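Structure data follow from my_file.cif (mmCIF, C-alpha atoms):
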data_query
loop_
_atom_site.label_atom_id
_atom_site.label_comp_id
_atom_site.auth_asym_id
_atom_site.auth_seq_id
_atom_site.Cartn_x
_atom_site.Cartn_y
_atom_site.Cartn_z
CA MET A 579 0.13 5.13 -9.48
CA GLU A 580 3.69 5.83 -10.50
CA GLN A 581 5.60 7.10 -7.53
CA ALA A 582 7.61 10.23 -8.19
CA GLY A 583 11.26 10.19 -7.11
CA ALA A 584 12.96 12.65 -4.82
CA HIS A 585 13.96 14.85 -7.79
CA ASP A 586 10.41 15.34 -9.07
CA ALA A 587 8.54 15.21 -5.77
CA TYR A 588 6.09 17.95 -6.64
CA ARG A 589 4.78 19.34 -9.92
CA LEU A 590 1.59 21.14 -9.00
CA ALA A 591 0.51 24.74 -8.50
CA VAL A 592 -2.90 26.32 -8.04
CA ARG A 593 -3.71 29.59 -9.74
CA VAL A 594 -5.59 31.59 -7.11
CA PRO A 595 -6.92 35.15 -7.40
CA ALA A 596 -4.41 37.95 -7.00
CA GLN A 597 -6.34 39.48 -4.13
CA VAL A 598 -6.26 36.17 -2.28
CA GLN A 599 -2.49 35.94 -2.71
CA ALA A 600 -2.13 39.49 -1.42
CA SER A 601 -4.37 38.92 1.59
CA THR A 602 -2.69 35.68 2.56
CA ALA A 603 0.70 37.32 2.18
CA ARG A 604 -0.36 40.14 4.49
CA ASP A 605 -1.73 37.62 7.00
CA ALA A 606 1.52 35.73 6.92
CA GLY A 607 3.52 38.96 7.45
CA ARG A 608 1.43 40.04 10.42
CA SER A 609 0.89 36.90 12.43
CA ALA A 610 2.65 33.81 11.15
CA PRO A 611 5.77 32.85 13.14
CA PRO A 612 8.93 32.03 11.25
CA ALA A 613 8.87 28.59 9.61
CA ALA A 614 11.79 27.48 11.77
CA ALA A 615 9.79 28.26 14.90
CA ARG A 616 7.09 25.87 13.67
CA GLY A 617 9.66 23.22 13.00
CA GLU A 618 8.88 23.06 9.26
CA HIS A 619 11.64 22.99 6.69
CA THR A 620 11.41 25.56 3.93
CA HIS A 621 14.76 24.86 2.25
CA GLY A 622 16.69 21.82 1.23
CA GLU A 623 13.70 19.97 -0.26
CA ALA A 624 13.82 18.34 -3.67
CA ALA A 625 14.10 20.60 -6.71
CA VAL A 626 10.69 21.63 -8.05
CA PRO A 627 10.09 21.41 -11.81
CA ALA A 628 7.89 23.91 -13.68
CA PRO A 629 4.43 23.83 -12.08
CA VAL A 630 1.30 22.48 -13.72
CA ARG A 631 -1.47 25.07 -13.61
CA VAL A 632 -4.73 23.84 -12.10
CA PRO A 633 -7.72 26.03 -13.10
CA VAL A 634 -10.03 27.19 -10.35
CA PRO A 635 -13.42 28.91 -10.58
CA ALA A 636 -13.49 32.67 -11.10
CA PRO A 637 -13.81 34.39 -7.72
CA ARG A 638 -16.51 36.71 -6.46
CA LYS A 639 -15.51 40.18 -5.34
CA THR A 640 -14.90 38.90 -1.83
CA VAL A 641 -13.26 35.52 -1.39
CA GLN A 642 -13.29 33.94 2.04
CA ARG A 643 -10.25 32.04 3.27
CA THR A 644 -12.36 28.89 3.53
CA SER A 645 -12.83 28.96 -0.27
CA VAL A 646 -9.06 29.14 -0.74
CA ARG A 647 -8.68 26.18 1.61
CA GLY A 648 -11.24 24.29 -0.47
CA GLN A 649 -9.39 25.05 -3.70
CA VAL A 650 -6.12 23.89 -2.16
CA LEU A 651 -7.78 20.75 -0.79
CA ASP A 652 -9.20 19.87 -4.21
CA ALA A 653 -5.81 20.42 -5.83
CA LEU A 654 -4.02 18.31 -3.22
CA ARG A 655 -6.51 15.47 -3.72
CA ALA A 656 -5.95 15.62 -7.47
CA ALA A 657 -2.18 15.57 -6.90
CA LEU A 658 -2.47 12.52 -4.65
CA VAL A 659 -4.55 10.57 -7.15
CA GLY A 660 -2.41 11.65 -10.10
CA GLY A 661 0.87 10.77 -8.41
CA ASP A 662 2.27 14.31 -8.10
CA LEU A 663 2.47 13.78 -4.35
CA ALA A 664 4.45 10.58 -3.92
CA PRO A 665 3.68 7.97 -1.24
CA GLY A 666 6.29 8.04 1.52
CA GLU A 667 7.47 11.58 0.73
CA VAL A 668 7.21 14.37 3.30
CA TYR A 669 5.92 17.79 2.25
CA SER A 670 5.92 20.97 4.33
CA ALA A 671 3.06 23.45 4.29
CA PRO A 672 5.29 26.52 3.61
CA VAL A 673 6.86 24.97 0.51
CA LEU A 674 3.50 23.76 -0.81
CA GLY A 675 2.09 27.22 -0.08
CA GLU A 676 4.76 28.76 -2.30
CA ARG A 677 3.70 26.49 -5.13
CA PHE A 678 0.05 27.43 -4.61
CA GLY A 679 0.76 31.15 -4.30
CA VAL A 680 -0.91 31.29 -0.87
CA SER A 681 0.23 31.32 2.73
CA ALA A 682 1.00 28.10 4.56
CA THR A 683 -2.19 28.36 6.62
CA PRO A 684 -4.78 27.09 4.07
CA VAL A 685 -2.34 24.40 2.95
CA ARG A 686 -1.85 23.24 6.53
CA GLU A 687 -5.61 23.20 7.11
CA ALA A 688 -6.17 21.19 3.92
CA MET A 689 -3.45 18.74 4.91
CA GLN A 690 -5.06 18.29 8.32
CA GLN A 691 -8.29 17.35 6.55
CA LEU A 692 -6.40 14.85 4.39
CA ALA A 693 -4.88 13.42 7.57
CA THR A 694 -8.35 12.71 8.94
CA GLU A 695 -9.16 10.95 5.66
CA GLY A 696 -6.06 8.79 5.94
CA ALA A 697 -4.30 10.20 2.88
CA VAL A 698 -1.38 11.72 4.80
CA GLU A 699 0.08 11.53 8.29
CA VAL A 700 1.53 14.32 10.41
CA VAL A 701 5.31 14.23 10.85
CA PRO A 702 6.23 16.41 13.85
CA ASN A 703 8.57 19.31 13.04
CA ARG A 704 8.64 18.39 9.34
CA GLY A 705 5.22 18.44 7.69
CA PHE A 706 3.05 15.70 6.23
CA ARG A 707 3.97 12.30 4.80
CA VAL A 708 1.84 10.80 2.04
CA THR A 709 0.47 7.46 3.20
CA GLU A 710 1.86 4.30 1.63
CA ARG A 711 -0.88 1.73 1.12
CA SER A 712 -0.17 -1.97 0.82
CA ALA A 713 -1.94 -4.31 -1.56
CA ARG A 714 -3.51 -5.96 1.49
CA GLU A 715 -4.98 -2.68 2.71
CA LEU A 716 -6.45 -1.90 -0.69
CA GLY A 717 -7.91 -5.41 -0.80
CA GLU A 718 -9.48 -4.92 2.61
CA LEU A 719 -11.05 -1.66 1.50
CA ALA A 720 -12.49 -3.39 -1.57
CA GLU A 721 -13.92 -6.15 0.62
CA VAL A 722 -15.60 -3.69 2.98
CA ARG A 723 -17.04 -1.72 0.08
CA ALA A 724 -18.46 -4.89 -1.43
CA LEU A 725 -20.05 -5.88 1.89
CA ILE A 726 -21.79 -2.50 2.04
CA GLU A 727 -22.67 -1.79 -1.58
CA VAL A 728 -23.54 -5.18 -3.09
CA PRO A 729 -26.64 -5.81 -0.90
CA VAL A 730 -27.83 -2.23 -1.49
CA MET A 731 -27.43 -2.48 -5.26
CA LEU A 732 -29.24 -5.82 -5.33
CA ARG A 733 -32.14 -4.29 -3.40
CA LEU A 734 -32.19 -1.27 -5.71
CA ALA A 735 -32.14 -3.54 -8.76
CA ARG A 736 -35.44 -5.04 -7.59
CA THR A 737 -37.19 -1.75 -6.82
CA VAL A 738 -35.83 1.15 -8.91
CA PRO A 739 -37.58 1.74 -12.27
CA ALA A 740 -35.50 1.39 -15.43
CA ALA A 741 -35.99 5.08 -16.27
CA ARG A 742 -34.15 6.13 -13.11
CA TRP A 743 -31.14 4.02 -14.04
CA CYS A 744 -31.11 5.55 -17.51
CA GLU A 745 -30.78 9.00 -15.91
CA LEU A 746 -27.34 7.96 -14.65
CA ARG A 747 -25.95 7.31 -18.14
CA PRO A 748 -24.32 10.78 -18.38
CA LEU A 749 -22.31 10.01 -15.23
CA ALA A 750 -21.14 6.69 -16.66
CA GLU A 751 -20.24 8.43 -19.92
CA ALA A 752 -18.26 11.11 -18.06
CA SER A 753 -16.13 8.42 -16.42
CA ALA A 754 -15.54 6.86 -19.85
CA VAL A 755 -14.34 10.19 -21.28
CA ALA A 756 -11.93 10.72 -18.37
CA ALA A 757 -10.64 7.16 -18.69
CA ALA A 758 -10.07 7.50 -22.44
CA GLY A 759 -7.97 10.59 -21.81
CA GLY A 760 -5.95 8.87 -19.08
CA ASP A 761 -6.89 11.63 -16.64
CA LEU A 762 -6.50 9.89 -13.27
CA ALA A 763 -7.78 12.73 -11.10
CA ARG A 764 -10.77 13.42 -13.32
CA TYR A 765 -11.62 9.73 -13.50
CA ALA A 766 -11.45 9.40 -9.72
CA GLU A 767 -14.02 12.16 -9.30
CA ALA A 768 -16.27 10.78 -12.06
CA ASP A 769 -16.04 7.28 -10.59
CA ARG A 770 -17.09 8.48 -7.15
CA ALA A 771 -19.88 10.61 -8.62
CA PHE A 772 -21.31 7.58 -10.43
CA HIS A 773 -21.22 5.30 -7.39
CA GLY A 774 -22.60 8.06 -5.17
CA ALA A 775 -25.54 8.60 -7.52
CA VAL A 776 -26.30 4.87 -7.60
CA LEU A 777 -26.27 4.57 -3.81
CA GLY A 778 -28.14 7.86 -3.50
CA LEU A 779 -31.21 6.15 -4.92
CA SER A 780 -31.42 4.27 -1.61
CA GLY A 781 -32.29 7.54 0.14
CA ASN A 782 -29.78 6.75 2.89
CA GLN A 783 -27.36 9.68 3.12
CA GLN A 784 -25.33 8.08 5.91
CA LEU A 785 -24.71 5.14 3.63
CA VAL A 786 -23.65 7.44 0.81
CA GLN A 787 -21.18 9.29 3.06
CA VAL A 788 -19.62 6.15 4.50
CA ALA A 789 -19.32 4.54 1.07
CA ASP A 790 -17.79 7.69 -0.42
CA ASP A 791 -15.16 7.84 2.34
CA LEU A 792 -14.19 4.22 1.70
CA HIS A 793 -14.17 4.87 -2.03
CA ARG A 794 -11.88 7.89 -1.69
CA ARG A 795 -9.46 5.94 0.50
CA SER A 796 -9.31 3.15 -2.07
CA GLN A 797 -8.20 5.61 -4.74
CA TRP A 798 -4.87 6.42 -2.99
CA PRO A 799 -2.80 5.24 -4.69
CA LEU A 800 -4.26 4.19 -8.00
CA VAL A 801 -2.73 1.71 -10.41
CA THR A 802 1.04 1.58 -10.75
CA GLY A 803 2.84 0.74 -13.96
CA PRO A 804 3.15 2.25 -17.44
CA VAL A 805 0.83 5.11 -18.36
CA HIS A 806 -0.79 3.14 -21.18
CA GLY A 807 -1.45 0.29 -18.77
CA ARG A 808 -3.17 2.60 -16.34
CA ARG A 809 -5.32 4.07 -19.12
CA ALA A 810 -6.37 0.59 -20.23
CA ASP A 811 -7.38 -0.29 -16.67
CA LEU A 812 -9.41 2.90 -16.34
CA VAL A 813 -11.15 2.30 -19.67
CA ALA A 814 -12.09 -1.22 -18.53
CA ASP A 815 -13.43 0.12 -15.22
CA ALA A 816 -15.47 2.80 -16.99
CA ALA A 817 -16.96 0.18 -19.30
CA GLU A 818 -18.12 -1.72 -16.21
CA HIS A 819 -20.17 1.33 -15.18
CA MET A 820 -22.25 1.10 -18.35
CA ALA A 821 -22.50 -2.68 -18.09
CA LEU A 822 -23.72 -2.30 -14.51
CA LEU A 823 -26.42 0.12 -15.59
CA GLU A 824 -27.60 -2.31 -18.25
CA ALA A 825 -27.80 -5.11 -15.67
CA LEU A 826 -29.69 -2.88 -13.25
CA VAL A 827 -32.20 -1.90 -15.96
CA ALA A 828 -32.71 -5.60 -16.78
CA GLN A 829 -32.93 -6.49 -13.06
CA ASP A 830 -30.33 -9.20 -13.66
CA LEU A 831 -29.27 -9.70 -10.06
CA ALA A 832 -26.58 -12.29 -10.78
CA VAL A 833 -24.82 -9.99 -13.24
CA VAL A 834 -25.17 -7.00 -10.91
CA GLN A 835 -23.50 -8.88 -8.07
CA SER A 836 -20.71 -10.18 -10.28
CA LEU A 837 -19.98 -6.81 -11.87
CA VAL A 838 -19.89 -4.91 -8.57
CA ARG A 839 -17.53 -7.40 -6.93
CA GLU A 840 -15.21 -7.43 -9.95
CA HIS A 841 -15.30 -3.64 -10.12
CA PHE A 842 -14.20 -3.25 -6.51
CA ALA A 843 -11.41 -5.76 -7.01
CA GLY A 844 -10.14 -3.85 -10.08
CA ALA A 845 -7.77 -0.93 -10.30
CA GLY A 846 -10.13 2.00 -10.40
CA GLY A 847 -12.80 0.72 -8.00
#

Re-express the file's structure as structure tokens.
Amino acid sequence: MEQAGAHDAYRLAVRVPAQVQASTARDAGRSAPPAAARGEHTHGEAAVPAPVRVPVPAPRKTVQRTSVRGQVLDALRAALVGGDLAPGEVYSAPVLGERFGVSATPVREAMQQLATEGAVEVVPNRGFRVTERSARELGELAEVRALIEVPVMLRLARTVPAARWCELRPLAEASAVAAAGGDLARYAEADRAFHGAVLGLSGNQQLVQVADDLHRRSQWPLVTGPVHGRRADLVADAAEHMALLEALVAQDLAVVQSLVREHFAGAGG
């Protein structure tokens, strides 16, 4: 993932319904203490370029605050994967809230969730710093994922009918489309959806949740380097999804094991 510099630290905005913006603004006016009282900086941060609009689903007549928090959380995750939130940089909830067109509260709540996932860390009196991951940490995550998923996939390869594996082809194809377009955030979601569906055939939801958490952590950050290089890596990873399905259909256990281990060691995971 290319790390943005201090002068282009943030290029993301969420388009949220007008009534949500109004309600959050009223909430902020009634109860939120001044930003300085919370110890969060609202001025003096890096200049913000023109925002990139992130579409969100059309709202119902009444939109709960939790849905706004969810929209902000999804947008923040996409920004992390895509490199719009740079590792090592500190971001305050009020400034991010301005970019989203909402109050600081749902942004702060979403950032707290990301902190529990290991994507950011709380910086007292300043905001949230995006976690910097070392190559060693990413390698350790890949190793743990392999220890969990390889035995499960080998067991599934022996027991799951070929027709069930064929049902997962649309998910593999979706990851290929995202990879071909170089869409990092979209690929990350498609990649996790594919792996989640494969492991879901085990019937063990605890396994699926643990594996998905590890998978999400391994996606921050993604590949660094030129954009065309990242796209090539994603295309190769997506191709491995289809190759894995073919091996699972054929019950070729040696190929399944090799592909899964190589996939985890690669850029997209």

Could you give me, as a PyMOL selection string, the residues within 12 Å of Gly778 in chain A, counting all atoms listed in the file and dropping anything in the same chain fewer than 2 positions from it?
chain A and resi 727+730-731+734+738+742-743+746+770-776+780-790

What separates CA of Arg711 in chain A and CA of Ala816 in chain A is a distance of 23.3 Å

Show me, as a PyMOL selection string, the residues that have an atom within 12 Å of Val833 in chain A when counting only C-alpha atoms, minus same-chain residues fewer than 3 positions from it.
chain A and resi 728+731-732+735+818+821-830+836-841

May I have the selected residues written with C-alpha atoms, as a CSV table (one decimal), keeping the file's coordinate frame?
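So the final result, stored in part.csv, reads:
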chain,number,residue,atom,x,y,z
A,728,VAL,CA,-23.5,-5.2,-3.1
A,731,MET,CA,-27.4,-2.5,-5.3
A,732,LEU,CA,-29.2,-5.8,-5.3
A,735,ALA,CA,-32.1,-3.5,-8.8
A,818,GLU,CA,-18.1,-1.7,-16.2
A,821,ALA,CA,-22.5,-2.7,-18.1
A,822,LEU,CA,-23.7,-2.3,-14.5
A,823,LEU,CA,-26.4,0.1,-15.6
A,824,GLU,CA,-27.6,-2.3,-18.2
A,825,ALA,CA,-27.8,-5.1,-15.7
A,826,LEU,CA,-29.7,-2.9,-13.2
A,827,VAL,CA,-32.2,-1.9,-16.0
A,828,ALA,CA,-32.7,-5.6,-16.8
A,829,GLN,CA,-32.9,-6.5,-13.1
A,830,ASP,CA,-30.3,-9.2,-13.7
A,836,SER,CA,-20.7,-10.2,-10.3
A,837,LEU,CA,-20.0,-6.8,-11.9
A,838,VAL,CA,-19.9,-4.9,-8.6
A,839,ARG,CA,-17.5,-7.4,-6.9
A,840,GLU,CA,-15.2,-7.4,-10.0
A,841,HIS,CA,-15.3,-3.6,-10.1

If you count all atoms listed in the file, the residue of A:Val813, A:Val722, A:Leu658, A:Ala671 closest to Ala697 in chain A turns out to be A:Leu658

Quick one: everything within 6 Å of range 681-694 of chain A, counting all atoms listed in the file, minus sequence neighbours fewer than 5 positions away in the same chain. Send it as a count of residues only.
-> 7

*Run the PyMOL selection byres ((chain A and resi 755-760) around 7) mentally over the shown coordinates, then write out the matched residues as a VMD selection string, using the chain letters and numbers from the document.*
chain A and resid 751 to 754 761 to 762 764 to 765 809 812 to 813 816

In Å and to one decimal, CA of Gly666 in chain A is distant from CA of Val708 in chain A by 5.3 Å

As a check of understanding: the span from CA of Phe678 in chain A to CA of Val698 in chain A is 18.4 Å

Selected residue, from A:Pro748, A:Val680, A:Leu674, A:Val668, that lies nearest to Leu654 in chain A when counting all atoms listed in the file:
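Using all atoms listed in the file, the shortest distance to Leu654 in chain A belongs to A:Leu674.
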
I need the residue nearest Val650 in chain A from this list: A:Glu667, A:Glu676, A:Pro739, A:Leu719. Use all atoms listed in the file for the distance.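 With all atoms listed in the file as the atom set, the closest residue is A:Glu676.
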